[in-house]
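upload32.txt follows; it contains compact mmCIF, C-alpha atoms.
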# COMPACT_ATOMS: atom_id res chain seq x y z
CA MET A 1 0.00 0.00 0.00
CA SER A 2 1.42 3.41 -0.91
CA HIS A 3 2.33 6.01 1.73
CA ARG A 4 -0.26 8.38 0.21
CA VAL A 5 -3.01 5.89 1.01
CA ARG A 6 -1.62 4.39 4.22
CA LEU A 7 -1.13 7.61 6.26
CA PRO A 8 -4.72 8.89 5.88
CA LEU A 9 -5.95 5.43 6.87
CA ILE A 10 -3.69 5.46 9.93
CA LEU A 11 -4.87 8.95 10.91
CA LEU A 12 -8.50 7.87 10.54
CA ALA A 13 -7.86 4.81 12.68
CA VAL A 14 -6.18 6.94 15.38
CA LEU A 15 -9.21 9.20 15.43
CA VAL A 16 -11.58 6.24 15.72
CA LEU A 17 -9.48 4.63 18.46
CA SER A 18 -9.35 7.88 20.43
CA LEU A 19 -13.13 8.19 20.25
CA VAL A 20 -13.78 4.57 21.22
CA GLY A 21 -11.17 4.46 24.00
CA ALA A 22 -11.57 2.01 26.87
CA GLY A 23 -15.09 3.19 27.65
CA VAL A 24 -17.04 6.42 27.81
CA ALA A 25 -16.17 8.75 30.69
CA SER A 26 -18.43 11.49 29.36
CA ALA A 27 -20.08 12.03 26.03
CA GLY A 28 -17.54 13.09 23.42
CA ALA A 29 -14.67 13.53 25.89
CA PRO A 30 -11.44 11.83 24.81
CA ILE A 31 -9.93 9.40 27.30
CA TYR A 32 -6.21 9.76 27.99
CA PRO A 33 -4.26 7.17 29.98
CA HIS A 34 -2.61 8.81 33.00
CA GLN A 35 1.06 7.90 33.18
CA SER A 36 3.58 8.31 35.96
CA ALA A 37 6.91 7.04 37.30
CA GLY A 38 7.17 3.27 37.20
CA ASN A 39 4.58 2.72 34.45
CA ARG A 40 5.61 0.59 31.49
CA GLY A 41 4.34 -0.17 28.02
CA SER A 42 3.20 1.30 24.75
CA ASP A 43 1.57 4.39 26.26
CA VAL A 44 4.87 5.24 27.96
CA ARG A 45 6.63 4.76 24.60
CA ALA A 46 4.10 7.21 23.13
CA VAL A 47 4.87 9.77 25.85
CA GLN A 48 8.61 9.33 25.28
CA GLY A 49 8.26 9.67 21.51
CA LEU A 50 6.12 12.80 21.84
CA LEU A 51 8.63 14.30 24.29
CA ARG A 52 11.34 13.60 21.69
CA HIS A 53 9.17 15.31 19.07
CA HIS A 54 8.94 18.35 21.33
CA GLY A 55 12.69 18.63 21.83
CA ALA A 56 13.86 15.97 24.29
CA THR A 57 15.89 14.40 21.49
CA THR A 58 18.26 12.48 23.78
CA LEU A 59 15.42 10.72 25.61
CA ARG A 60 15.57 6.97 24.99
CA ILE A 61 12.32 5.25 24.04
CA SER A 62 12.38 2.36 26.48
CA GLY A 63 8.74 1.95 27.43
CA VAL A 64 9.69 2.53 31.08
CA PHE A 65 8.61 5.76 32.82
CA ASP A 66 12.06 6.23 34.31
CA PRO A 67 13.84 9.25 35.89
CA PRO A 68 14.99 10.67 32.49
CA THR A 69 11.36 10.53 31.30
CA VAL A 70 10.15 12.29 34.46
CA SER A 71 12.83 14.96 33.99
CA ALA A 72 11.98 15.53 30.31
CA LEU A 73 8.28 15.64 31.16
CA ARG A 74 8.80 18.18 33.95
CA GLY A 75 10.73 20.40 31.54
CA PHE A 76 7.98 20.06 28.94
CA GLN A 77 5.30 20.91 31.50
CA ASP A 78 7.24 23.96 32.69
CA VAL A 79 7.80 25.33 29.17
CA ASN A 80 4.13 24.79 28.30
CA ALA A 81 2.71 26.48 31.42
CA LEU A 82 1.31 23.21 32.75
CA ARG A 83 1.29 22.10 36.36
CA VAL A 84 4.76 20.57 36.83
CA THR A 85 3.96 17.16 38.30
CA GLY A 86 6.12 14.75 36.33
CA MET A 87 2.91 12.82 35.59
CA VAL A 88 0.97 12.77 32.32
CA ASP A 89 -2.63 13.83 32.84
CA ALA A 90 -5.23 14.91 30.27
CA ALA A 91 -3.92 18.51 30.15
CA THR A 92 -0.37 17.28 29.44
CA TRP A 93 -1.60 14.86 26.75
CA LEU A 94 -3.39 17.74 25.03
CA LYS A 95 -0.10 19.65 24.78
CA LEU A 96 1.94 16.56 23.82
CA ILE A 97 -0.33 15.37 21.00
CA VAL A 98 0.65 16.54 17.54
CA ARG A 99 -1.71 17.03 14.59
CA LEU A 100 -0.43 15.03 11.63
CA ARG A 101 -1.21 15.47 7.97
CA PRO A 102 -0.66 13.18 4.98
CA GLY A 103 2.98 13.24 3.98
CA ALA A 104 4.18 14.14 7.48
CA THR A 105 7.58 12.91 8.57
CA SER A 106 8.48 13.27 12.23
CA GLU A 107 9.03 11.63 15.57
CA ALA A 108 5.27 12.00 16.13
CA VAL A 109 4.61 9.80 13.09
CA LYS A 110 6.88 7.16 14.68
CA VAL A 111 4.67 7.36 17.79
CA VAL A 112 1.59 6.53 15.70
CA GLN A 113 3.42 3.71 13.92
CA ARG A 114 4.59 2.21 17.24
CA GLN A 115 1.10 2.49 18.74
CA PHE A 116 -0.44 0.64 15.79
CA ASN A 117 2.21 -2.05 16.02
CA ASP A 118 1.85 -2.41 19.80
CA LYS A 119 -1.92 -2.23 20.07
CA ARG A 120 -3.07 -3.61 16.71
CA ARG A 121 -0.10 -5.74 15.55
CA SER A 122 -0.02 -3.75 12.31
CA GLY A 123 3.52 -4.64 11.27
CA LEU A 124 4.29 -1.09 10.15
CA THR A 125 7.85 0.00 9.57
CA VAL A 126 8.69 2.59 12.23
CA ASP A 127 10.40 5.11 9.99
CA GLY A 128 8.58 8.33 10.81
CA THR A 129 7.09 8.64 7.33

Since I need it in another form, could you write the structure as structure tokens?
Amino acid sequence: MSHRVRLPLILLAVLVLSLVGAGVASAGAPIYPHQSAGNRGSDVRAVQGLLRHHGATTLRISGVFDPPTVSALRGFQDVNALRVTGMVDAATWLKLIVRLRPGATSEAVKVVQRQFNDKRRSGLTVDGT
């Protein structure tokens, strides 16, 4: 499948997944997984990738919410006038999330590719394109 067709499909799927979530907290409200020190997994990898996108380029994507992740997150929260907690809540997610368009190439695209591979076993190449 060509990149011109695949990326819009991925973006549509991300939108659908964000609307479906793990349940409905309130009508139309997106559900964001809270993350904090010690958490592990694909959502932590997403946080780390988005922090890299926003400038924490030396942060390693390990899937472990470790001290370097807490430090990078605190810096991100400070720069973005968020409450500096070192934890990812809904307000932090809203600042971390990046709008993507067809043809985008970035660390944020890698986040989407990793999420599809982790959560849907998509087999996408994680190349940021």

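Here the question is which of A:Val126, A:Ile31, A:Asp118, A:Gly75 gets nearest to Thr105 in chain A using all atoms listed in the file, and that residue is A:Val126.
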
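Using all atoms listed in the file for every distance, the candidate list A:Glu107, A:Trp93, A:Arg101, A:Gly41 yields A:Glu107 as the residue closest to Ala56 in chain A.
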
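The neighbours of Val84 in chain A here are the residues that come within 12 Å of it, using only C-alpha atoms and leaving out any residue fewer than 5 positions away in the same chain; they are Val70, Ser71, Ala72, Leu73, Arg74, Gly75, Phe76, Gln77, Asp78, Val79, Asp89, Ala91 and Thr92 of chain A.
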
Keeping only C-alpha atoms, take the residues you just selected and write them out as a compact mmCIF listing (two decimals), in the coordinates of the input.
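Final output, saved to again18.txt:
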# COMPACT_ATOMS: atom_id res chain seq x y z
CA VAL A 70 10.15 12.29 34.46
CA SER A 71 12.83 14.96 33.99
CA ALA A 72 11.98 15.53 30.31
CA LEU A 73 8.28 15.64 31.16
CA ARG A 74 8.80 18.18 33.95
CA GLY A 75 10.73 20.40 31.54
CA PHE A 76 7.98 20.06 28.94
CA GLN A 77 5.30 20.91 31.50
CA ASP A 78 7.24 23.96 32.69
CA VAL A 79 7.80 25.33 29.17
CA ASP A 89 -2.63 13.83 32.84
CA ALA A 91 -3.92 18.51 30.15
CA THR A 92 -0.37 17.28 29.44

- So how far away is CA of Met87 in chain A from CA of Ser122 in chain A, in Å? 28.7 Å

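As for CA of Arg40 in chain A and CA of Gln113 in chain A, they are spaced 18.0 Å apart.
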
- Message: Neighbouring residues of Thr129 in chain A were defined as those with any atom within 8 Å, considering all atoms listed in the file; residues of the same chain fewer than 2 positions away were excluded. Please report them as a list of chain:residue names.
- Response: A:His3, A:Gly103, A:Ala104, A:Thr105, A:Ser106, A:Val109, A:Lys110, A:Val126, A:Asp127

What are the centre and edge lengths in Å, to one decimal, of the axis-aligned box around all listed atoms of range 43-54 of chain A with 3 Å added on each side, as lines of an AutoDock Vina configuration file?
center_x = 6.5
center_y = 11.4
center_z = 23.5
size_x = 15.8
size_y = 20.0
size_z = 14.9

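Among the candidate residues A:Leu96, A:Leu124, A:Pro68, A:Arg114, the one lying nearest to Val47 in chain A is A:Leu96, with distances computed using only C-alpha atoms.
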
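For the choices A:Pro30, A:Gly63, A:Gly123, A:Gly86, the atom-to-atom distance to Ala46 in chain A is smallest for A:Gly63 when using all atoms listed in the file.
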
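Using all atoms listed in the file for every distance, the candidate list A:Val111, A:Ala29, A:Ala37, A:Ala81 yields A:Ala37 as the residue closest to Asp66 in chain A.
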
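Between CA of Gln115 in chain A and CA of His34 in chain A there is a distance of 16.0 Å.
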
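Remark: for Pro102 in chain A, the closest of the candidate residues A:Gly128, A:Ser36, A:Leu59, A:Pro67 is A:Gly128 (distances computed over all atoms listed in the file).
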